[in-house]
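Source file: run-v3.cif. Holds: mmCIF, N, CA and C atoms.
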data_my_file
#
loop_
_atom_site.label_atom_id
_atom_site.label_comp_id
_atom_site.auth_asym_id
_atom_site.auth_seq_id
_atom_site.Cartn_x
_atom_site.Cartn_y
_atom_site.Cartn_z
N MET O 1 1.15 -23.55 6.06
CA MET O 1 2.11 -23.05 5.10
C MET O 1 1.51 -21.86 4.36
N SER O 2 2.32 -20.84 4.15
CA SER O 2 1.82 -19.65 3.48
C SER O 2 1.76 -19.88 1.98
N ASN O 3 1.04 -19.03 1.30
CA ASN O 3 0.88 -19.16 -0.15
C ASN O 3 1.90 -18.33 -0.92
N VAL O 4 2.94 -17.85 -0.25
CA VAL O 4 3.96 -17.06 -0.91
C VAL O 4 4.81 -17.96 -1.79
N VAL O 5 5.04 -17.50 -3.01
CA VAL O 5 5.88 -18.23 -3.96
C VAL O 5 6.85 -17.22 -4.56
N ALA O 6 8.12 -17.60 -4.67
CA ALA O 6 9.11 -16.71 -5.27
C ALA O 6 8.91 -16.63 -6.78
N GLN O 7 9.31 -15.51 -7.34
CA GLN O 7 9.26 -15.37 -8.80
C GLN O 7 10.24 -16.36 -9.42
N ILE O 8 9.85 -16.93 -10.53
CA ILE O 8 10.73 -17.81 -11.29
C ILE O 8 11.58 -16.90 -12.19
N PRO O 9 12.88 -17.15 -12.30
CA PRO O 9 13.71 -16.29 -13.16
C PRO O 9 13.13 -16.21 -14.57
N ASN O 10 13.05 -14.99 -15.09
CA ASN O 10 12.49 -14.81 -16.43
C ASN O 10 13.58 -14.69 -17.49
N GLY O 11 14.80 -15.00 -17.11
CA GLY O 11 15.92 -15.03 -18.03
C GLY O 11 16.99 -15.93 -17.45
N PHE O 12 17.85 -16.44 -18.30
CA PHE O 12 18.94 -17.29 -17.81
C PHE O 12 20.24 -16.78 -18.40
N GLY O 13 21.30 -16.90 -17.65
CA GLY O 13 22.59 -16.44 -18.11
C GLY O 13 23.23 -15.51 -17.11
N HIS O 14 23.95 -14.52 -17.61
CA HIS O 14 24.73 -13.64 -16.74
C HIS O 14 23.88 -12.71 -15.88
N GLU O 15 22.60 -12.55 -16.18
CA GLU O 15 21.77 -11.65 -15.37
C GLU O 15 21.22 -12.31 -14.11
N LEU O 16 21.41 -13.62 -13.95
CA LEU O 16 20.93 -14.30 -12.75
C LEU O 16 21.81 -14.00 -11.55
N ARG O 17 21.16 -13.89 -10.38
CA ARG O 17 21.87 -13.67 -9.12
C ARG O 17 21.24 -14.58 -8.07
N ALA O 18 22.03 -14.92 -7.06
CA ALA O 18 21.55 -15.77 -5.97
C ALA O 18 21.70 -15.02 -4.65
N CYS O 19 20.69 -15.10 -3.81
CA CYS O 19 20.75 -14.51 -2.47
C CYS O 19 21.81 -15.27 -1.67
N LEU O 20 22.70 -14.55 -1.01
CA LEU O 20 23.77 -15.19 -0.25
C LEU O 20 23.28 -15.87 1.01
N ARG O 21 22.12 -15.48 1.54
CA ARG O 21 21.60 -16.13 2.73
C ARG O 21 20.81 -17.39 2.40
N CYS O 22 19.79 -17.26 1.53
CA CYS O 22 18.88 -18.38 1.30
C CYS O 22 19.14 -19.10 -0.03
N ARG O 23 19.95 -18.51 -0.91
CA ARG O 23 20.33 -19.09 -2.20
C ARG O 23 19.20 -19.04 -3.25
N LEU O 24 18.17 -18.23 -3.03
CA LEU O 24 17.11 -18.05 -4.02
C LEU O 24 17.71 -17.40 -5.27
N ILE O 25 17.32 -17.89 -6.43
CA ILE O 25 17.83 -17.36 -7.71
C ILE O 25 16.73 -16.58 -8.41
N LYS O 26 17.09 -15.35 -8.81
CA LYS O 26 16.22 -14.50 -9.63
C LYS O 26 17.13 -13.61 -10.46
N THR O 27 16.56 -12.87 -11.38
CA THR O 27 17.36 -11.90 -12.12
C THR O 27 17.56 -10.67 -11.24
N TYR O 28 18.54 -9.86 -11.62
CA TYR O 28 18.78 -8.61 -10.90
C TYR O 28 17.49 -7.78 -10.86
N ASP O 29 16.83 -7.65 -12.00
CA ASP O 29 15.60 -6.84 -12.07
C ASP O 29 14.51 -7.38 -11.15
N GLN O 30 14.38 -8.70 -11.05
CA GLN O 30 13.37 -9.29 -10.16
C GLN O 30 13.69 -9.01 -8.70
N PHE O 31 14.96 -9.12 -8.31
CA PHE O 31 15.34 -8.76 -6.93
C PHE O 31 15.07 -7.27 -6.70
N ARG O 32 15.37 -6.44 -7.68
CA ARG O 32 15.16 -4.99 -7.56
C ARG O 32 13.66 -4.67 -7.42
N GLU O 33 12.83 -5.43 -8.13
CA GLU O 33 11.38 -5.19 -8.12
C GLU O 33 10.71 -5.68 -6.85
N SER O 34 11.05 -6.91 -6.40
CA SER O 34 10.30 -7.48 -5.27
C SER O 34 11.18 -8.00 -4.13
N GLY O 35 12.48 -7.80 -4.19
CA GLY O 35 13.35 -8.25 -3.12
C GLY O 35 13.44 -9.76 -3.07
N CYS O 36 13.84 -10.27 -1.91
CA CYS O 36 13.95 -11.71 -1.69
C CYS O 36 12.79 -12.15 -0.80
N GLU O 37 12.00 -13.08 -1.28
CA GLU O 37 10.82 -13.52 -0.52
C GLU O 37 11.19 -14.21 0.81
N ASN O 38 12.38 -14.79 0.89
CA ASN O 38 12.81 -15.44 2.13
C ASN O 38 13.51 -14.48 3.09
N CYS O 39 14.00 -13.37 2.58
CA CYS O 39 14.79 -12.44 3.39
C CYS O 39 14.27 -11.01 3.25
N PRO O 40 13.00 -10.74 3.58
CA PRO O 40 12.45 -9.40 3.39
C PRO O 40 13.14 -8.34 4.25
N PHE O 41 13.77 -8.75 5.35
CA PHE O 41 14.44 -7.82 6.25
C PHE O 41 15.66 -7.17 5.60
N PHE O 42 16.19 -7.72 4.50
CA PHE O 42 17.30 -7.09 3.78
C PHE O 42 16.82 -5.91 2.94
N ASN O 43 15.52 -5.85 2.62
CA ASN O 43 14.92 -4.74 1.88
C ASN O 43 15.69 -4.44 0.59
N LEU O 44 15.93 -5.48 -0.19
CA LEU O 44 16.74 -5.36 -1.40
C LEU O 44 16.16 -4.41 -2.44
N GLN O 45 14.85 -4.34 -2.52
CA GLN O 45 14.23 -3.52 -3.56
C GLN O 45 14.44 -2.03 -3.31
N ALA O 46 14.81 -1.64 -2.10
CA ALA O 46 14.96 -0.22 -1.79
C ALA O 46 16.39 0.29 -1.93
N ASP O 47 17.36 -0.61 -2.08
CA ASP O 47 18.76 -0.19 -2.02
C ASP O 47 19.62 -0.98 -3.00
N HIS O 48 20.10 -0.33 -4.04
CA HIS O 48 20.92 -0.97 -5.08
C HIS O 48 22.20 -1.57 -4.47
N GLU O 49 22.87 -0.83 -3.60
CA GLU O 49 24.11 -1.33 -2.99
C GLU O 49 23.83 -2.56 -2.12
N ARG O 50 22.76 -2.55 -1.37
CA ARG O 50 22.39 -3.69 -0.53
C ARG O 50 22.12 -4.91 -1.41
N LEU O 51 21.44 -4.70 -2.53
CA LEU O 51 21.15 -5.80 -3.44
C LEU O 51 22.45 -6.44 -3.93
N LEU O 52 23.43 -5.63 -4.28
CA LEU O 52 24.71 -6.16 -4.76
C LEU O 52 25.49 -6.85 -3.64
N GLU O 53 25.34 -6.39 -2.39
CA GLU O 53 26.02 -7.02 -1.26
C GLU O 53 25.39 -8.35 -0.88
N CYS O 54 24.07 -8.47 -1.04
CA CYS O 54 23.33 -9.65 -0.59
C CYS O 54 23.19 -10.73 -1.64
N THR O 55 23.53 -10.42 -2.88
CA THR O 55 23.37 -11.40 -3.95
C THR O 55 24.68 -11.55 -4.71
N THR O 56 24.79 -12.63 -5.45
CA THR O 56 25.99 -12.90 -6.24
C THR O 56 25.63 -13.55 -7.57
N PRO O 57 26.39 -13.25 -8.62
CA PRO O 57 26.19 -13.97 -9.88
C PRO O 57 27.00 -15.27 -9.92
N ASN O 58 27.80 -15.51 -8.88
CA ASN O 58 28.69 -16.69 -8.83
C ASN O 58 28.07 -17.78 -7.97
N PHE O 59 27.48 -18.76 -8.62
CA PHE O 59 26.87 -19.88 -7.90
C PHE O 59 26.97 -21.13 -8.75
N THR O 60 26.69 -22.26 -8.10
CA THR O 60 26.81 -23.57 -8.77
C THR O 60 25.48 -24.28 -8.77
N GLY O 61 25.01 -24.71 -9.93
CA GLY O 61 23.81 -25.53 -10.04
C GLY O 61 22.53 -24.78 -9.78
N LEU O 62 21.42 -25.44 -10.11
CA LEU O 62 20.10 -24.85 -9.92
C LEU O 62 19.11 -25.97 -9.65
N ILE O 63 18.21 -25.75 -8.70
CA ILE O 63 17.15 -26.70 -8.40
C ILE O 63 15.85 -25.91 -8.27
N ALA O 64 14.80 -26.42 -8.90
CA ALA O 64 13.47 -25.82 -8.76
C ALA O 64 12.72 -26.62 -7.72
N VAL O 65 12.17 -25.92 -6.72
CA VAL O 65 11.49 -26.57 -5.62
C VAL O 65 10.04 -26.10 -5.59
N MET O 66 9.10 -27.05 -5.73
CA MET O 66 7.68 -26.70 -5.74
C MET O 66 7.05 -26.83 -4.36
N ASP O 67 7.49 -27.82 -3.58
CA ASP O 67 6.94 -28.05 -2.24
C ASP O 67 8.11 -28.32 -1.29
N PRO O 68 8.76 -27.25 -0.81
CA PRO O 68 9.97 -27.40 -0.01
C PRO O 68 9.81 -28.28 1.23
N ALA O 69 8.68 -28.22 1.89
CA ALA O 69 8.48 -29.00 3.12
C ALA O 69 8.44 -30.50 2.85
N ARG O 70 8.02 -30.90 1.66
CA ARG O 70 7.90 -32.33 1.35
C ARG O 70 9.06 -32.86 0.51
N SER O 71 9.93 -31.99 0.06
CA SER O 71 11.03 -32.38 -0.82
C SER O 71 12.24 -32.83 -0.01
N TRP O 72 12.70 -34.06 -0.23
CA TRP O 72 13.89 -34.53 0.49
C TRP O 72 15.11 -33.74 0.03
N ALA O 73 15.15 -33.36 -1.25
CA ALA O 73 16.28 -32.58 -1.75
C ALA O 73 16.33 -31.20 -1.09
N ALA O 74 15.17 -30.57 -0.92
CA ALA O 74 15.12 -29.26 -0.27
C ALA O 74 15.56 -29.37 1.18
N ARG O 75 15.13 -30.41 1.86
CA ARG O 75 15.55 -30.59 3.26
C ARG O 75 17.05 -30.84 3.32
N TRP O 76 17.59 -31.64 2.41
CA TRP O 76 19.01 -31.95 2.37
C TRP O 76 19.84 -30.70 2.12
N LEU O 77 19.31 -29.81 1.26
CA LEU O 77 19.99 -28.54 0.96
C LEU O 77 19.71 -27.46 1.99
N ARG O 78 18.91 -27.78 3.00
CA ARG O 78 18.53 -26.85 4.07
C ARG O 78 17.72 -25.67 3.55
N ILE O 79 16.86 -25.92 2.57
CA ILE O 79 15.95 -24.89 2.06
C ILE O 79 14.50 -25.33 2.23
N GLY O 80 14.26 -26.32 3.06
CA GLY O 80 12.93 -26.88 3.25
C GLY O 80 11.92 -25.95 3.89
N LYS O 81 12.39 -24.87 4.54
CA LYS O 81 11.47 -23.93 5.18
C LYS O 81 11.30 -22.65 4.37
N PHE O 82 11.90 -22.62 3.19
CA PHE O 82 11.80 -21.44 2.34
C PHE O 82 10.61 -21.56 1.39
N VAL O 83 10.32 -20.48 0.67
CA VAL O 83 9.19 -20.47 -0.27
C VAL O 83 9.54 -21.26 -1.52
N PRO O 84 8.55 -21.80 -2.22
CA PRO O 84 8.82 -22.47 -3.49
C PRO O 84 9.51 -21.51 -4.46
N GLY O 85 10.43 -22.03 -5.25
CA GLY O 85 11.16 -21.20 -6.20
C GLY O 85 12.37 -21.93 -6.74
N CYS O 86 13.26 -21.19 -7.39
CA CYS O 86 14.51 -21.74 -7.92
C CYS O 86 15.66 -21.36 -6.99
N TYR O 87 16.48 -22.34 -6.67
CA TYR O 87 17.58 -22.15 -5.74
C TYR O 87 18.87 -22.69 -6.33
N THR O 88 19.99 -22.14 -5.88
CA THR O 88 21.27 -22.66 -6.28
C THR O 88 21.69 -23.78 -5.32
N LEU O 89 22.52 -24.67 -5.79
CA LEU O 89 23.03 -25.73 -4.93
C LEU O 89 24.10 -25.19 -4.00
N ALA O 90 24.87 -24.20 -4.46
CA ALA O 90 25.95 -23.66 -3.62
C ALA O 90 26.36 -22.27 -4.09
N VAL O 91 26.73 -21.43 -3.12
CA VAL O 91 27.36 -20.15 -3.40
C VAL O 91 28.76 -20.20 -2.79
N SER O 92 29.68 -19.43 -3.34
CA SER O 92 31.05 -19.46 -2.84
C SER O 92 31.39 -18.25 -1.98
N GLU O 93 30.52 -17.28 -1.94
CA GLU O 93 30.76 -16.06 -1.17
C GLU O 93 29.96 -16.07 0.12
N SER O 94 30.42 -15.30 1.10
CA SER O 94 29.72 -15.17 2.38
C SER O 94 29.06 -13.80 2.46
N LEU O 95 28.05 -13.71 3.32
CA LEU O 95 27.44 -12.41 3.60
C LEU O 95 28.45 -11.52 4.31
N PRO O 96 28.46 -10.21 4.01
CA PRO O 96 29.30 -9.29 4.77
C PRO O 96 28.87 -9.27 6.25
N ASP O 97 29.79 -8.94 7.13
CA ASP O 97 29.54 -8.96 8.58
C ASP O 97 28.32 -8.14 8.99
N GLU O 98 28.11 -6.97 8.38
CA GLU O 98 26.97 -6.13 8.77
C GLU O 98 25.64 -6.81 8.44
N LEU O 99 25.62 -7.62 7.37
CA LEU O 99 24.39 -8.33 7.01
C LEU O 99 24.19 -9.57 7.87
N VAL O 100 25.29 -10.19 8.30
CA VAL O 100 25.19 -11.29 9.27
C VAL O 100 24.59 -10.75 10.56
N GLN O 101 24.98 -9.54 10.95
CA GLN O 101 24.44 -8.90 12.15
C GLN O 101 22.93 -8.68 12.01
N ILE O 102 22.47 -8.29 10.83
CA ILE O 102 21.03 -8.11 10.59
C ILE O 102 20.32 -9.45 10.77
N CYS O 103 20.90 -10.53 10.25
CA CYS O 103 20.31 -11.86 10.43
C CYS O 103 20.18 -12.20 11.91
N GLU O 104 21.22 -11.92 12.69
CA GLU O 104 21.19 -12.19 14.12
C GLU O 104 20.12 -11.37 14.82
N GLU O 105 20.01 -10.09 14.44
CA GLU O 105 18.98 -9.22 15.03
C GLU O 105 17.58 -9.71 14.70
N GLU O 106 17.39 -10.24 13.50
CA GLU O 106 16.10 -10.76 13.07
C GLU O 106 15.85 -12.19 13.54
N ARG O 107 16.85 -12.77 14.18
CA ARG O 107 16.79 -14.16 14.67
C ARG O 107 16.50 -15.17 13.56
N VAL O 108 17.18 -14.97 12.43
CA VAL O 108 17.08 -15.92 11.32
C VAL O 108 18.44 -16.57 11.12
N PRO O 109 18.47 -17.86 10.86
CA PRO O 109 19.75 -18.55 10.72
C PRO O 109 20.48 -18.16 9.43
N TYR O 110 21.78 -18.09 9.55
CA TYR O 110 22.64 -17.91 8.38
C TYR O 110 23.77 -18.93 8.50
N VAL O 111 23.89 -19.77 7.48
CA VAL O 111 24.95 -20.77 7.45
C VAL O 111 25.91 -20.38 6.33
N PRO O 112 27.13 -19.94 6.70
CA PRO O 112 28.08 -19.56 5.65
C PRO O 112 28.46 -20.74 4.78
N PRO O 113 28.87 -20.48 3.54
CA PRO O 113 29.25 -21.60 2.65
C PRO O 113 30.49 -22.31 3.19
N LYS O 114 30.57 -23.60 2.92
CA LYS O 114 31.72 -24.39 3.33
C LYS O 114 32.92 -24.02 2.47
N ARG O 115 34.05 -23.86 3.10
CA ARG O 115 35.30 -23.59 2.36
C ARG O 115 35.95 -24.88 1.98
N VAL O 116 36.33 -25.01 0.72
CA VAL O 116 36.96 -26.24 0.25
C VAL O 116 38.44 -26.02 0.08
#
The structure in this file should be written as structure tokens.
Amino acid sequence: MSNVVAQIPNGFGHELRACLRCRLIKTYDQFRESGCENCPFFNLQADHERLLECTTPNFTGLIAVMDPARSWAARWLRIGKFVPGCYTLAVSESLPDELVQICEEERVPYVPPKRV
């Protein structure tokens, strides 16, 4: 297991955003500074528009995961292979088609949110 750990959000409230692919939660500024540790191929820190397309302020719940591989909750939420950090329980938006294509090119799984 690598020693990479996601930044913990340094603020709470309207400035929080969640990655639409992996559901990692950070502030806008943190995504702008270091991107998404689970999705480096999106290169969020280099492109403001890409950051807004790949993240959302609309999410439900929050879970902090210290050891994803050993956490039953992380495995149940399908985040067991991601880096330690704060994650949302659910997002309601899907990745745009062009970003789904990037996931396919990078051979990384993307599971769209369930529609209720």
Would you please give, as an mmCIF file with N, CA and C atoms, in the frame of the given file, all residues of chain O that DSSP assigns to strand (DSSP E) based on the backbone?
data_model
loop_
_atom_site.group_PDB
_atom_site.id
_atom_site.type_symbol
_atom_site.label_atom_id
_atom_site.label_comp_id
_atom_site.auth_asym_id
_atom_site.auth_seq_id
_atom_site.Cartn_x
_atom_site.Cartn_y
_atom_site.Cartn_z
ATOM 1 N N LEU O 16 21.410 -13.620 -13.950
ATOM 2 C CA LEU O 16 20.930 -14.300 -12.750
ATOM 3 C C LEU O 16 21.810 -14.000 -11.550
ATOM 4 N N ARG O 17 21.160 -13.890 -10.380
ATOM 5 C CA ARG O 17 21.870 -13.670 -9.120
ATOM 6 C C ARG O 17 21.240 -14.580 -8.070
ATOM 7 N N ALA O 18 22.030 -14.920 -7.060
ATOM 8 C CA ALA O 18 21.550 -15.770 -5.970
ATOM 9 C C ALA O 18 21.700 -15.020 -4.650
ATOM 10 N N CYS O 19 20.690 -15.100 -3.810
ATOM 11 C CA CYS O 19 20.750 -14.510 -2.470
ATOM 12 C C CYS O 19 21.810 -15.270 -1.670
ATOM 13 N N ILE O 25 17.320 -17.890 -6.430
ATOM 14 C CA ILE O 25 17.830 -17.360 -7.710
ATOM 15 C C ILE O 25 16.730 -16.580 -8.410
ATOM 16 N N LYS O 26 17.090 -15.350 -8.810
ATOM 17 C CA LYS O 26 16.220 -14.500 -9.630
ATOM 18 C C LYS O 26 17.130 -13.610 -10.460
ATOM 19 N N THR O 27 16.560 -12.870 -11.380
ATOM 20 C CA THR O 27 17.360 -11.900 -12.120
ATOM 21 C C THR O 27 17.560 -10.670 -11.240
ATOM 22 N N THR O 55 23.530 -10.420 -2.880
ATOM 23 C CA THR O 55 23.370 -11.400 -3.950
ATOM 24 C C THR O 55 24.680 -11.550 -4.710
ATOM 25 N N THR O 56 24.790 -12.630 -5.450
ATOM 26 C CA THR O 56 25.990 -12.900 -6.240
ATOM 27 C C THR O 56 25.630 -13.550 -7.570
ATOM 28 N N PHE O 59 27.480 -18.760 -8.620
ATOM 29 C CA PHE O 59 26.870 -19.880 -7.900
ATOM 30 C C PHE O 59 26.970 -21.130 -8.750
ATOM 31 N N THR O 60 26.690 -22.260 -8.100
ATOM 32 C CA THR O 60 26.810 -23.570 -8.770
ATOM 33 C C THR O 60 25.480 -24.280 -8.770
ATOM 34 N N ILE O 63 18.210 -25.750 -8.700
ATOM 35 C CA ILE O 63 17.150 -26.700 -8.400
ATOM 36 C C ILE O 63 15.850 -25.910 -8.270
ATOM 37 N N ALA O 64 14.800 -26.420 -8.900
ATOM 38 C CA ALA O 64 13.470 -25.820 -8.760
ATOM 39 C C ALA O 64 12.720 -26.620 -7.720
ATOM 40 N N VAL O 65 12.170 -25.920 -6.720
ATOM 41 C CA VAL O 65 11.490 -26.570 -5.620
ATOM 42 C C VAL O 65 10.040 -26.100 -5.590
ATOM 43 N N GLY O 85 10.430 -22.030 -5.250
ATOM 44 C CA GLY O 85 11.160 -21.200 -6.200
ATOM 45 C C GLY O 85 12.370 -21.930 -6.740
ATOM 46 N N CYS O 86 13.260 -21.190 -7.390
ATOM 47 C CA CYS O 86 14.510 -21.740 -7.920
ATOM 48 C C CYS O 86 15.660 -21.360 -6.990
ATOM 49 N N TYR O 87 16.480 -22.340 -6.670
ATOM 50 C CA TYR O 87 17.580 -22.150 -5.740
ATOM 51 C C TYR O 87 18.870 -22.690 -6.330
ATOM 52 N N ALA O 90 24.870 -24.200 -4.460
ATOM 53 C CA ALA O 90 25.950 -23.660 -3.620
ATOM 54 C C ALA O 90 26.360 -22.270 -4.090
ATOM 55 N N VAL O 91 26.730 -21.430 -3.120
ATOM 56 C CA VAL O 91 27.360 -20.150 -3.400
ATOM 57 C C VAL O 91 28.760 -20.200 -2.790
#
Kindly extract all protein, DNA and RNA residues lying within 7 Å of the coordinates (27.1, -13.2, -9.8) given in the file, considering only N, CA and C atoms, and supply them as a PyMOL selection string. chain O and resi 14+16-18+55-59
Could you write out the selected residues, including N, CA and C atoms, as a tab-separated table (two decimals), in the frame of the given file?
chain	number	residue	atom	x	y	z
O	14	HIS	N	23.95	-14.52	-17.61
O	14	HIS	CA	24.73	-13.64	-16.74
O	14	HIS	C	23.88	-12.71	-15.88
O	16	LEU	N	21.41	-13.62	-13.95
O	16	LEU	CA	20.93	-14.30	-12.75
O	16	LEU	C	21.81	-14.00	-11.55
O	17	ARG	N	21.16	-13.89	-10.38
O	17	ARG	CA	21.87	-13.67	-9.12
O	17	ARG	C	21.24	-14.58	-8.07
O	18	ALA	N	22.03	-14.92	-7.06
O	18	ALA	CA	21.55	-15.77	-5.97
O	18	ALA	C	21.70	-15.02	-4.65
O	55	THR	N	23.53	-10.42	-2.88
O	55	THR	CA	23.37	-11.40	-3.95
O	55	THR	C	24.68	-11.55	-4.71
O	56	THR	N	24.79	-12.63	-5.45
O	56	THR	CA	25.99	-12.90	-6.24
O	56	THR	C	25.63	-13.55	-7.57
O	57	PRO	N	26.39	-13.25	-8.62
O	57	PRO	CA	26.19	-13.97	-9.88
O	57	PRO	C	27.00	-15.27	-9.92
O	58	ASN	N	27.80	-15.51	-8.88
O	58	ASN	CA	28.69	-16.69	-8.83
O	58	ASN	C	28.07	-17.78	-7.97
O	59	PHE	N	27.48	-18.76	-8.62
O	59	PHE	CA	26.87	-19.88	-7.90
O	59	PHE	C	26.97	-21.13	-8.75
Selection near range 35-48 of chain O, 8 Å with only N, CA and C atoms, sequence-local residues under 3 positions removed, as an MDAnalysis selection string: chainID O and resid 4:7 19 21:22 24 29:32 51:54 81:83 99 102:103 106
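When you apply the PyMOL selection byres ((chain O and resi 92) around 6.5) to this structure, what comes back is Asn58, Phe59, Thr60, Ala90, Val91, Glu93, Ser94 and Pro113 of chain O.
Residue nearest Thr27 in chain O, chosen from O:Asn3, O:Ser71, O:Asn10, O:Thr88 and counting only C-alpha atoms: O:Asn10.
The interatomic distance for the pair CA of Val111 in chain O and CA of Met66 in chain O works out to 22.5 Å.
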Quick one: 4 Å padding each side, axis-aligned, all listed atoms of range 6-20 of chain O - centre and edge lengths in Å to one decimal, as lines of an AutoDock Vina configuration file?
center_x = 16.4
center_y = -14.7
center_z = -8.7
size_x = 24.6
size_y = 14.2
size_z = 27.4
